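What follows is a short report on a single structure.
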Amino acid sequence: MKTWIKTTLAVAGLLGAGAVAHAQVVAPATKASVHQRRWQAAIDAFAAEDRAHAPEPGGVLFVGSSSIRLWTSLQAQFKDVPVVQRGFGGSRLLDCTEHVKELVVPYRPRLVVLYAGDNDLAEGRSPQDVVASLRTFVEGVRSALPDTRIAYVSIKPSPLRAALMPRVREANELARAYLAGDPQLAYVDVFTAMLDPQGQPRRELFQPDALHLNAQGYALWQAALSSVVK
């Protein structure tokens with residue numbers, strides 16, 4: 001009987017060890033996977049819209065954060081251009097980079113207009129981190145669509161985030177330097193025109209939340225992009 005008990009305990013111990021080993025194989029969700037799931041509803045909504053009304057390839061794709069999502073007059077302001085609008089509010093440049101395959105590649109655009117980066121800075125990422133994401137975004141688009149041009153809209157100076165202005169300036173200058181000299185890449189400077197004579201954000205360009213643009217702000221963006229979006 002004692003021998004049988006010892007054998008039973010030994011087998012149970014092995015099974016327990018195996019169960020623990022199996023449990024250890026299931027790793028906890030990584031930060032990257034959590035962030036990817038965060039935007040899955042938006043990505044799924046874009047896919048559903050595409051199934052209902054598939055955009056023609058060769059258009060101009062606007063992608064990025066809420067400044068793109070909330071641009072309700074975008075199609076009217078660029079009425080002579082086939083525009084696809086794929087902004088998802090609250091997103092970072094890091095998120096745009098992680099979703100290039102869903103956000104950009106299916107549309108096969110001739111031009112991508114990208115606005116993102118201020119949410120990255122607001123969450124504590126450095127200007128260097130932002131431009132590293134920009135570089136990865138460009139490389140991701142080029143690997144799938146080598147003939148597609150990319151225009152990056154500079155990070156805007158928002159009154160709500162005035163404390164971030166030094167980091168915004170640094171990120172913009174790093175982005176400008178990275179994009180310079182490549183005919184397929186463009187840096188669109190909206191930052192400078194959005195400053196008052198004292199070098200502070202022009203509040204009249206923003207909604208009451210002091211973060212998102214109003215019609216006057218979007219008119220300024222249209223003017224800045226007019227020579228690129230054509």
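Identifiers for the structure tokens are assigned positionally: chains receive A, B, ... in sequence, residues are indexed from 1 per chain, and ligands are indexed from 1 in the order shown.
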Exercise for review: Name the residues in contact with range 163-168 of chain A at a cut-off of 8 Å, using only C-alpha atoms, excluding same-chain residues fewer than 4 positions from it; report them as a PyMOL selection string.
Suggested key: chain A and resi 118+121-122+126-127+155-157+172
Give me the range 108-161 of chain A side of the contact with range 200-224 of chain A, cut-off 8 Å, one line per residue showing its nearest atom pair and distance in Å at one decimal, counting only C-alpha atoms, sorted by chain and residue number, as a Markdown table.
| residue | atom | partner | partner_atom | distance |
| --- | --- | --- | --- | --- |
| A:Pro157 | CA | A:Pro201 | CA | 5.4 |
| A:Ser158 | CA | A:Leu211 | CA | 5.3 |
| A:Pro159 | CA | A:Ala210 | CA | 5.3 |
| A:Leu160 | CA | A:Ala210 | CA | 5.1 |
| A:Arg161 | CA | A:Leu211 | CA | 7.5 |
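Reported to one decimal place, the separation of CA of Ser73 in chain A from CA of Val138 in chain A is 26.6 Å.
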If you run DSSP on this backbone, which residues of range 15-214 of chain A come out as helix (DSSP H, G or I), and could you give them as a CSV table (one decimal) with N, CA, C and O atoms, in the first residue's frame?
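For reference, result-v2.csv as written:
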chain,number,residue,atom,x,y,z
A,15,LEU,N,2.4,15.4,-12.9
A,15,LEU,CA,1.3,16.0,-13.6
A,15,LEU,C,1.2,17.5,-13.2
A,15,LEU,O,0.9,18.4,-14.0
A,16,GLY,N,1.4,17.8,-11.9
A,16,GLY,CA,1.3,19.1,-11.4
A,16,GLY,C,2.4,20.0,-12.0
A,16,GLY,O,2.2,21.1,-12.4
A,17,ALA,N,3.6,19.4,-12.1
A,17,ALA,CA,4.7,20.1,-12.7
A,17,ALA,C,4.4,20.4,-14.2
A,17,ALA,O,4.7,21.5,-14.7
A,18,GLY,N,3.8,19.4,-14.9
A,18,GLY,CA,3.5,19.6,-16.3
A,18,GLY,C,2.4,20.7,-16.4
A,18,GLY,O,2.5,21.5,-17.3
A,19,ALA,N,1.5,20.7,-15.5
A,19,ALA,CA,0.5,21.8,-15.6
A,19,ALA,C,1.1,23.2,-15.4
A,19,ALA,O,0.7,24.1,-16.0
A,20,VAL,N,2.0,23.3,-14.4
A,20,VAL,CA,2.7,24.5,-14.2
A,20,VAL,C,3.5,24.9,-15.4
A,20,VAL,O,3.5,26.1,-15.8
A,21,ALA,N,4.2,24.0,-16.0
A,21,ALA,CA,5.0,24.3,-17.2
A,21,ALA,C,4.1,24.8,-18.3
A,21,ALA,O,4.4,25.7,-19.0
A,22,HIS,N,2.9,24.1,-18.5
A,22,HIS,CA,2.0,24.5,-19.5
A,22,HIS,C,1.5,26.0,-19.2
A,22,HIS,O,1.4,26.8,-20.1
A,23,ALA,N,1.2,26.2,-18.0
A,23,ALA,CA,0.7,27.6,-17.6
A,23,ALA,C,1.8,28.6,-17.9
A,23,ALA,O,1.5,29.7,-18.3
A,24,GLN,N,3.0,28.3,-17.8
A,24,GLN,CA,4.1,29.3,-18.0
A,24,GLN,C,4.3,29.6,-19.5
A,24,GLN,O,4.8,30.6,-19.8
A,25,VAL,N,3.8,28.7,-20.4
A,25,VAL,CA,3.9,28.9,-21.8
A,25,VAL,C,3.0,30.1,-22.2
A,25,VAL,O,3.3,30.8,-23.1
A,31,LYS,N,2.5,44.9,-24.0
A,31,LYS,CA,2.0,46.3,-24.2
A,31,LYS,C,1.6,46.5,-25.6
A,31,LYS,O,0.6,47.2,-25.9
A,32,ALA,N,2.4,46.0,-26.6
A,32,ALA,CA,2.1,46.2,-28.0
A,32,ALA,C,0.8,45.6,-28.4
A,32,ALA,O,0.0,46.2,-29.0
A,33,SER,N,0.5,44.3,-27.9
A,33,SER,CA,-0.7,43.7,-28.2
A,33,SER,C,-1.9,44.4,-27.6
A,33,SER,O,-3.0,44.5,-28.2
A,34,VAL,N,-1.8,44.9,-26.4
A,34,VAL,CA,-2.8,45.7,-25.8
A,34,VAL,C,-3.2,46.9,-26.6
A,34,VAL,O,-4.3,47.2,-26.9
A,35,HIS,N,-2.1,47.7,-27.0
A,35,HIS,CA,-2.4,48.9,-27.8
A,35,HIS,C,-3.0,48.5,-29.2
A,35,HIS,O,-3.9,49.2,-29.7
A,36,GLN,N,-2.6,47.4,-29.8
A,36,GLN,CA,-3.2,47.0,-31.1
A,36,GLN,C,-4.7,46.7,-30.9
A,36,GLN,O,-5.5,47.1,-31.7
A,37,ARG,N,-5.0,46.0,-29.8
A,37,ARG,CA,-6.4,45.7,-29.6
A,37,ARG,C,-7.2,47.0,-29.3
A,37,ARG,O,-8.4,47.0,-29.6
A,38,ARG,N,-6.6,48.0,-28.7
A,38,ARG,CA,-7.2,49.2,-28.4
A,38,ARG,C,-7.9,49.8,-29.6
A,38,ARG,O,-8.9,50.5,-29.5
A,40,GLN,N,-8.7,48.1,-32.5
A,40,GLN,CA,-9.3,47.1,-33.3
A,40,GLN,C,-10.7,47.5,-33.8
A,40,GLN,O,-11.0,47.2,-35.0
A,41,ALA,N,-11.5,48.1,-33.0
A,41,ALA,CA,-12.8,48.6,-33.4
A,41,ALA,C,-12.8,49.6,-34.5
A,41,ALA,O,-13.5,49.5,-35.5
A,42,ALA,N,-11.8,50.5,-34.4
A,42,ALA,CA,-11.7,51.5,-35.5
A,42,ALA,C,-11.2,50.8,-36.8
A,42,ALA,O,-11.7,51.1,-37.9
A,43,ILE,N,-10.2,49.9,-36.7
A,43,ILE,CA,-9.7,49.2,-37.9
A,43,ILE,C,-10.9,48.4,-38.5
A,43,ILE,O,-11.0,48.4,-39.7
A,44,ASP,N,-11.6,47.7,-37.7
A,44,ASP,CA,-12.8,46.9,-38.2
A,44,ASP,C,-13.8,47.8,-38.9
A,44,ASP,O,-14.4,47.4,-39.9
A,45,ALA,N,-14.0,49.0,-38.3
A,45,ALA,CA,-15.0,49.9,-38.9
A,45,ALA,C,-14.5,50.4,-40.3
A,45,ALA,O,-15.3,50.5,-41.2
A,46,PHE,N,-13.2,50.6,-40.4
A,46,PHE,CA,-12.7,51.0,-41.7
A,46,PHE,C,-12.9,49.9,-42.7
A,46,PHE,O,-13.2,50.1,-43.9
A,47,ALA,N,-12.6,48.7,-42.3
A,47,ALA,CA,-12.7,47.5,-43.2
A,47,ALA,C,-14.2,47.3,-43.6
A,47,ALA,O,-14.5,47.0,-44.8
A,48,ALA,N,-15.1,47.5,-42.7
A,48,ALA,CA,-16.6,47.4,-43.0
A,48,ALA,C,-17.0,48.5,-44.0
A,48,ALA,O,-17.7,48.2,-45.0
A,49,GLU,N,-16.4,49.7,-43.8
A,49,GLU,CA,-16.7,50.8,-44.8
A,49,GLU,C,-16.2,50.5,-46.2
A,49,GLU,O,-16.8,50.8,-47.2
A,50,ASP,N,-15.0,49.9,-46.2
A,50,ASP,CA,-14.3,49.5,-47.5
A,50,ASP,C,-15.1,48.5,-48.2
A,50,ASP,O,-15.2,48.5,-49.4
A,51,ARG,N,-15.7,47.5,-47.4
A,51,ARG,CA,-16.5,46.5,-48.1
A,51,ARG,C,-17.8,47.1,-48.7
A,51,ARG,O,-18.2,46.6,-49.7
A,52,ALA,N,-18.3,48.1,-48.0
A,52,ALA,CA,-19.5,48.7,-48.5
A,52,ALA,C,-19.2,49.7,-49.7
A,52,ALA,O,-20.0,49.7,-50.7
A,66,SER,N,-6.9,62.3,-34.2
A,66,SER,CA,-8.2,63.0,-34.2
A,66,SER,C,-8.2,64.2,-35.1
A,66,SER,O,-9.3,64.6,-35.6
A,67,SER,N,-7.1,64.8,-35.3
A,67,SER,CA,-7.0,66.0,-36.2
A,67,SER,C,-7.4,65.6,-37.7
A,67,SER,O,-7.9,66.4,-38.4
A,68,ILE,N,-7.2,64.3,-38.0
A,68,ILE,CA,-7.6,63.8,-39.3
A,68,ILE,C,-9.1,63.3,-39.2
A,68,ILE,O,-9.9,63.6,-40.0
A,69,ARG,N,-9.4,62.6,-38.1
A,69,ARG,CA,-10.7,62.1,-38.0
A,69,ARG,C,-11.8,63.2,-37.9
A,69,ARG,O,-12.9,63.0,-38.5
A,74,LEU,N,-12.9,67.8,-45.0
A,74,LEU,CA,-11.8,67.4,-45.8
A,74,LEU,C,-12.1,67.1,-47.3
A,74,LEU,O,-11.5,67.7,-48.2
A,75,GLN,N,-13.1,66.3,-47.5
A,75,GLN,CA,-13.5,66.0,-48.9
A,75,GLN,C,-13.9,67.2,-49.7
A,75,GLN,O,-13.6,67.4,-50.9
A,76,ALA,N,-14.7,68.1,-49.0
A,76,ALA,CA,-15.1,69.3,-49.7
A,76,ALA,C,-13.9,70.2,-50.0
A,76,ALA,O,-13.9,70.9,-51.1
A,77,GLN,N,-13.0,70.3,-49.1
A,77,GLN,CA,-11.8,71.2,-49.3
A,77,GLN,C,-10.8,70.7,-50.4
A,77,GLN,O,-10.1,71.5,-50.9
A,93,LEU,N,1.5,58.3,-33.3
A,93,LEU,CA,2.3,57.9,-34.5
A,93,LEU,C,2.7,56.4,-34.4
A,93,LEU,O,2.8,55.7,-35.4
A,94,LEU,N,3.0,56.0,-33.2
A,94,LEU,CA,3.4,54.6,-32.9
A,94,LEU,C,2.2,53.7,-33.4
A,94,LEU,O,2.5,52.6,-33.9
A,95,ASP,N,1.0,54.1,-33.1
A,95,ASP,CA,-0.2,53.2,-33.5
A,95,ASP,C,-0.3,53.2,-35.0
A,95,ASP,O,-0.6,52.1,-35.6
A,96,CYS,N,-0.1,54.3,-35.7
A,96,CYS,CA,-0.2,54.4,-37.1
A,96,CYS,C,0.9,53.4,-37.7
A,96,CYS,O,0.6,52.7,-38.7
A,97,THR,N,2.0,53.4,-37.1
A,97,THR,CA,3.1,52.6,-37.6
A,97,THR,C,2.8,51.1,-37.4
A,97,THR,O,3.0,50.3,-38.3
A,98,GLU,N,2.2,50.7,-36.3
A,98,GLU,CA,1.8,49.3,-36.0
A,98,GLU,C,0.7,48.8,-36.9
A,98,GLU,O,0.5,47.6,-37.1
A,100,VAL,N,0.1,49.9,-40.3
A,100,VAL,CA,0.4,50.3,-41.7
A,100,VAL,C,-0.3,49.3,-42.7
A,100,VAL,O,-0.9,49.7,-43.7
A,101,LYS,N,-0.3,48.0,-42.3
A,101,LYS,CA,-0.9,47.0,-43.2
A,101,LYS,C,-2.4,47.2,-43.4
A,101,LYS,O,-2.9,46.9,-44.4
A,102,GLU,N,-3.1,47.6,-42.3
A,102,GLU,CA,-4.5,47.8,-42.4
A,102,GLU,C,-4.9,49.2,-42.8
A,102,GLU,O,-5.9,49.4,-43.5
A,103,LEU,N,-4.1,50.2,-42.4
A,103,LEU,CA,-4.4,51.6,-42.6
A,103,LEU,C,-4.0,52.2,-44.0
A,103,LEU,O,-4.6,53.1,-44.5
A,105,VAL,N,-1.8,50.0,-46.8
A,105,VAL,CA,-1.6,49.1,-47.9
A,105,VAL,C,-2.8,48.8,-48.7
A,105,VAL,O,-2.8,48.8,-50.0
A,106,PRO,N,-4.0,48.5,-48.1
A,106,PRO,CA,-5.1,48.1,-48.9
A,106,PRO,C,-5.6,49.2,-49.9
A,106,PRO,O,-6.2,48.9,-50.9
A,107,TYR,N,-5.3,50.5,-49.6
A,107,TYR,CA,-5.8,51.5,-50.5
A,107,TYR,C,-4.9,51.9,-51.7
A,107,TYR,O,-5.3,52.6,-52.6
A,118,ASP,N,1.6,64.4,-31.6
A,118,ASP,CA,1.4,65.1,-30.4
A,118,ASP,C,0.9,64.2,-29.3
A,118,ASP,O,1.2,64.5,-28.1
A,119,ASN,N,0.1,63.2,-29.6
A,119,ASN,CA,-0.4,62.3,-28.5
A,119,ASN,C,0.8,61.5,-28.0
A,119,ASN,O,0.8,61.1,-26.8
A,120,ASP,N,1.8,61.2,-28.8
A,120,ASP,CA,3.0,60.5,-28.4
A,120,ASP,C,3.7,61.3,-27.3
A,120,ASP,O,4.1,60.8,-26.2
A,121,LEU,N,3.9,62.6,-27.7
A,121,LEU,CA,4.6,63.5,-26.7
A,121,LEU,C,3.8,63.6,-25.4
A,121,LEU,O,4.4,63.7,-24.4
A,122,ALA,N,2.5,63.8,-25.6
A,122,ALA,CA,1.7,63.9,-24.4
A,122,ALA,C,1.7,62.7,-23.4
A,122,ALA,O,1.5,62.9,-22.2
A,127,PRO,N,10.9,63.2,-28.5
A,127,PRO,CA,11.0,63.6,-29.9
A,127,PRO,C,11.7,62.6,-30.7
A,127,PRO,O,11.3,62.3,-31.9
A,128,GLN,N,12.7,62.0,-30.2
A,128,GLN,CA,13.5,61.0,-30.9
A,128,GLN,C,12.6,59.7,-31.1
A,128,GLN,O,12.7,59.1,-32.2
A,129,ASP,N,11.8,59.4,-30.1
A,129,ASP,CA,10.9,58.2,-30.3
A,129,ASP,C,9.9,58.5,-31.4
A,129,ASP,O,9.5,57.6,-32.2
A,130,VAL,N,9.4,59.7,-31.4
A,130,VAL,CA,8.4,60.1,-32.5
A,130,VAL,C,9.0,59.9,-33.9
A,130,VAL,O,8.3,59.4,-34.7
A,131,VAL,N,10.2,60.5,-34.0
A,131,VAL,CA,10.8,60.4,-35.4
A,131,VAL,C,11.2,59.0,-35.7
A,131,VAL,O,11.2,58.6,-36.9
A,132,ALA,N,11.5,58.2,-34.7
A,132,ALA,CA,11.8,56.8,-35.0
A,132,ALA,C,10.6,56.1,-35.5
A,132,ALA,O,10.6,55.2,-36.4
A,133,SER,N,9.4,56.4,-34.9
A,133,SER,CA,8.1,55.9,-35.4
A,133,SER,C,7.8,56.3,-36.8
A,133,SER,O,7.4,55.6,-37.7
A,134,LEU,N,8.1,57.6,-37.1
A,134,LEU,CA,7.9,58.1,-38.5
A,134,LEU,C,8.8,57.4,-39.5
A,134,LEU,O,8.3,57.0,-40.5
A,135,ARG,N,10.0,57.1,-39.1
A,135,ARG,CA,10.9,56.4,-40.0
A,135,ARG,C,10.4,55.0,-40.2
A,135,ARG,O,10.4,54.5,-41.4
A,136,THR,N,9.9,54.3,-39.2
A,136,THR,CA,9.3,53.0,-39.3
A,136,THR,C,8.1,53.0,-40.2
A,136,THR,O,7.8,52.1,-41.0
A,137,PHE,N,7.3,54.0,-40.0
A,137,PHE,CA,6.1,54.2,-40.9
A,137,PHE,C,6.5,54.3,-42.3
A,137,PHE,O,5.9,53.6,-43.2
A,138,VAL,N,7.4,55.1,-42.6
A,138,VAL,CA,7.9,55.3,-44.0
A,138,VAL,C,8.4,54.0,-44.6
A,138,VAL,O,8.1,53.6,-45.7
A,139,GLU,N,9.2,53.4,-43.8
A,139,GLU,CA,9.8,52.1,-44.3
A,139,GLU,C,8.7,51.0,-44.5
A,139,GLU,O,8.8,50.2,-45.4
A,140,GLY,N,7.7,51.0,-43.6
A,140,GLY,CA,6.6,50.1,-43.8
A,140,GLY,C,5.8,50.3,-45.0
A,140,GLY,O,5.4,49.4,-45.8
A,141,VAL,N,5.5,51.6,-45.3
A,141,VAL,CA,4.8,51.9,-46.5
A,141,VAL,C,5.6,51.6,-47.8
A,141,VAL,O,5.1,51.0,-48.7
A,142,ARG,N,6.9,51.9,-47.7
A,142,ARG,CA,7.7,51.7,-48.9
A,142,ARG,C,8.0,50.2,-49.2
A,142,ARG,O,8.1,49.9,-50.4
A,143,SER,N,8.0,49.4,-48.2
A,143,SER,CA,8.2,48.0,-48.4
A,143,SER,C,7.1,47.4,-49.2
A,143,SER,O,7.3,46.4,-50.0
A,144,ALA,N,5.9,47.9,-49.0
A,144,ALA,CA,4.7,47.4,-49.7
A,144,ALA,C,4.3,48.2,-50.9
A,144,ALA,O,3.8,47.6,-51.9
A,159,PRO,N,-2.9,75.1,-27.7
A,159,PRO,CA,-2.9,75.9,-26.4
A,159,PRO,C,-2.9,75.0,-25.2
A,159,PRO,O,-2.3,75.2,-24.2
A,160,LEU,N,-3.7,73.9,-25.3
A,160,LEU,CA,-3.9,73.0,-24.2
A,160,LEU,C,-2.5,72.3,-23.8
A,160,LEU,O,-2.3,72.0,-22.6
A,161,ARG,N,-1.7,72.2,-24.8
A,161,ARG,CA,-0.4,71.5,-24.6
A,161,ARG,C,0.8,72.4,-24.8
A,161,ARG,O,1.9,72.0,-25.2
A,162,ALA,N,0.6,73.6,-24.4
A,162,ALA,CA,1.7,74.6,-24.5
A,162,ALA,C,2.9,74.2,-23.8
A,162,ALA,O,4.1,74.6,-24.2
A,163,ALA,N,2.8,73.5,-22.7
A,163,ALA,CA,4.0,73.1,-22.0
A,163,ALA,C,4.9,72.1,-22.8
A,163,ALA,O,6.1,72.0,-22.5
A,164,LEU,N,4.3,71.5,-23.8
A,164,LEU,CA,5.1,70.6,-24.7
A,164,LEU,C,5.8,71.3,-25.8
A,164,LEU,O,6.4,70.6,-26.6
A,165,MET,N,5.6,72.6,-25.9
A,165,MET,CA,6.1,73.3,-27.1
A,165,MET,C,7.6,73.0,-27.4
A,165,MET,O,8.0,72.8,-28.5
A,166,PRO,N,8.5,73.0,-26.4
A,166,PRO,CA,9.9,72.7,-26.7
A,166,PRO,C,10.1,71.3,-27.3
A,166,PRO,O,10.9,71.2,-28.3
A,167,ARG,N,9.4,70.4,-26.8
A,167,ARG,CA,9.5,69.0,-27.4
A,167,ARG,C,8.8,68.9,-28.8
A,167,ARG,O,9.3,68.2,-29.7
A,168,VAL,N,7.7,69.7,-29.0
A,168,VAL,CA,7.1,69.7,-30.3
A,168,VAL,C,8.1,70.3,-31.3
A,168,VAL,O,8.2,69.8,-32.4
A,169,ARG,N,8.7,71.4,-30.9
A,169,ARG,CA,9.7,72.0,-31.9
A,169,ARG,C,10.8,71.1,-32.2
A,169,ARG,O,11.2,70.9,-33.4
A,170,GLU,N,11.3,70.4,-31.2
A,170,GLU,CA,12.4,69.4,-31.4
A,170,GLU,C,12.0,68.3,-32.3
A,170,GLU,O,12.7,67.9,-33.3
A,171,ALA,N,10.8,67.7,-32.1
A,171,ALA,CA,10.3,66.6,-32.9
A,171,ALA,C,10.1,67.1,-34.3
A,171,ALA,O,10.4,66.4,-35.3
A,172,ASN,N,9.5,68.3,-34.5
A,172,ASN,CA,9.3,68.8,-35.9
A,172,ASN,C,10.6,69.0,-36.6
A,172,ASN,O,10.7,68.7,-37.8
A,173,GLU,N,11.6,69.5,-35.9
A,173,GLU,CA,12.9,69.7,-36.6
A,173,GLU,C,13.6,68.4,-37.0
A,173,GLU,O,14.2,68.3,-38.0
A,174,LEU,N,13.5,67.4,-36.1
A,174,LEU,CA,14.0,66.1,-36.4
A,174,LEU,C,13.3,65.5,-37.6
A,174,LEU,O,13.9,64.8,-38.4
A,175,ALA,N,12.0,65.7,-37.6
A,175,ALA,CA,11.2,65.1,-38.7
A,175,ALA,C,11.6,65.8,-40.0
A,175,ALA,O,11.7,65.2,-41.1
A,176,ARG,N,11.7,67.1,-40.0
A,176,ARG,CA,12.1,67.9,-41.2
A,176,ARG,C,13.4,67.4,-41.7
A,176,ARG,O,13.6,67.2,-42.9
A,177,ALA,N,14.4,67.2,-40.8
A,177,ALA,CA,15.7,66.8,-41.2
A,177,ALA,C,15.7,65.4,-41.8
A,177,ALA,O,16.3,65.1,-42.8
A,178,TYR,N,14.9,64.5,-41.3
A,178,TYR,CA,14.8,63.1,-41.8
A,178,TYR,C,14.2,63.1,-43.2
A,178,TYR,O,14.6,62.4,-44.0
A,179,LEU,N,13.1,63.9,-43.4
A,179,LEU,CA,12.4,63.9,-44.6
A,179,LEU,C,13.1,64.7,-45.8
A,179,LEU,O,12.7,64.5,-46.9
A,192,THR,N,4.5,76.7,-37.9
A,192,THR,CA,4.9,78.1,-37.9
A,192,THR,C,3.7,79.0,-38.1
A,192,THR,O,3.6,80.1,-37.3
A,193,ALA,N,2.8,78.7,-39.0
A,193,ALA,CA,1.7,79.6,-39.3
A,193,ALA,C,0.7,79.6,-38.2
A,193,ALA,O,-0.2,80.4,-38.1
A,194,MET,N,0.8,78.6,-37.3
A,194,MET,CA,-0.2,78.5,-36.2
A,194,MET,C,0.3,79.2,-34.9
A,194,MET,O,-0.3,79.1,-33.8
A,203,ARG,N,-5.0,80.8,-30.5
A,203,ARG,CA,-6.2,80.2,-29.9
A,203,ARG,C,-7.4,80.3,-30.9
A,203,ARG,O,-8.3,79.5,-30.8
A,204,GLU,N,-7.4,81.3,-31.8
A,204,GLU,CA,-8.6,81.4,-32.7
A,204,GLU,C,-8.6,80.3,-33.7
A,204,GLU,O,-9.6,80.1,-34.4
A,205,LEU,N,-7.6,79.4,-33.8
A,205,LEU,CA,-7.6,78.3,-34.7
A,205,LEU,C,-8.2,77.0,-34.1
A,205,LEU,O,-8.3,76.0,-34.8
Revision key, fill the gap. Nearest to Glu56 in chain A, restricted to only C-alpha atoms and choosing among A:Arg110, A:Arg92, A:Arg86, A:Lys79, comes out as A:Arg110
Point to revise | Sel. of strand (DSSP E) residues, range 73-151 of chain A, as an NGL selection string | key: :A and (83-87 or 111-115 or 149-151)
Exercise for review: Calculate how many Å separate CA of Gly64 in chain A from CA of Gly90 in chain A, rounding to one decimal.
Suggested key: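 Those two atoms sit 9.1 Å apart.
Comparing A:Leu145, A:Leu70, A:Val63, A:Val84 by their smallest distance to His99 in chain A, the closest is A:Val63 (using only C-alpha atoms).
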Exercise for review: Please provide as a list in words all residues within 8 Å of Ala186 in chain A, with the sequence filter that same-chain residues fewer than 3 positions apart are discarded (counting only C-alpha atoms).
Suggested key: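 Surrounding residues, per the criterion: Ile150, Ala151, Tyr152, Leu179, Ala180, Asp182 and Pro183 of chain A.
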Review point. Restricting the calculation to only C-alpha atoms, which member of A:Val153, A:Ala54, A:Leu61, A:Leu225 is positioned closest to Gly117 in chain A?
Key: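 Using only C-alpha atoms, the shortest distance to Gly117 in chain A belongs to A:Val153.
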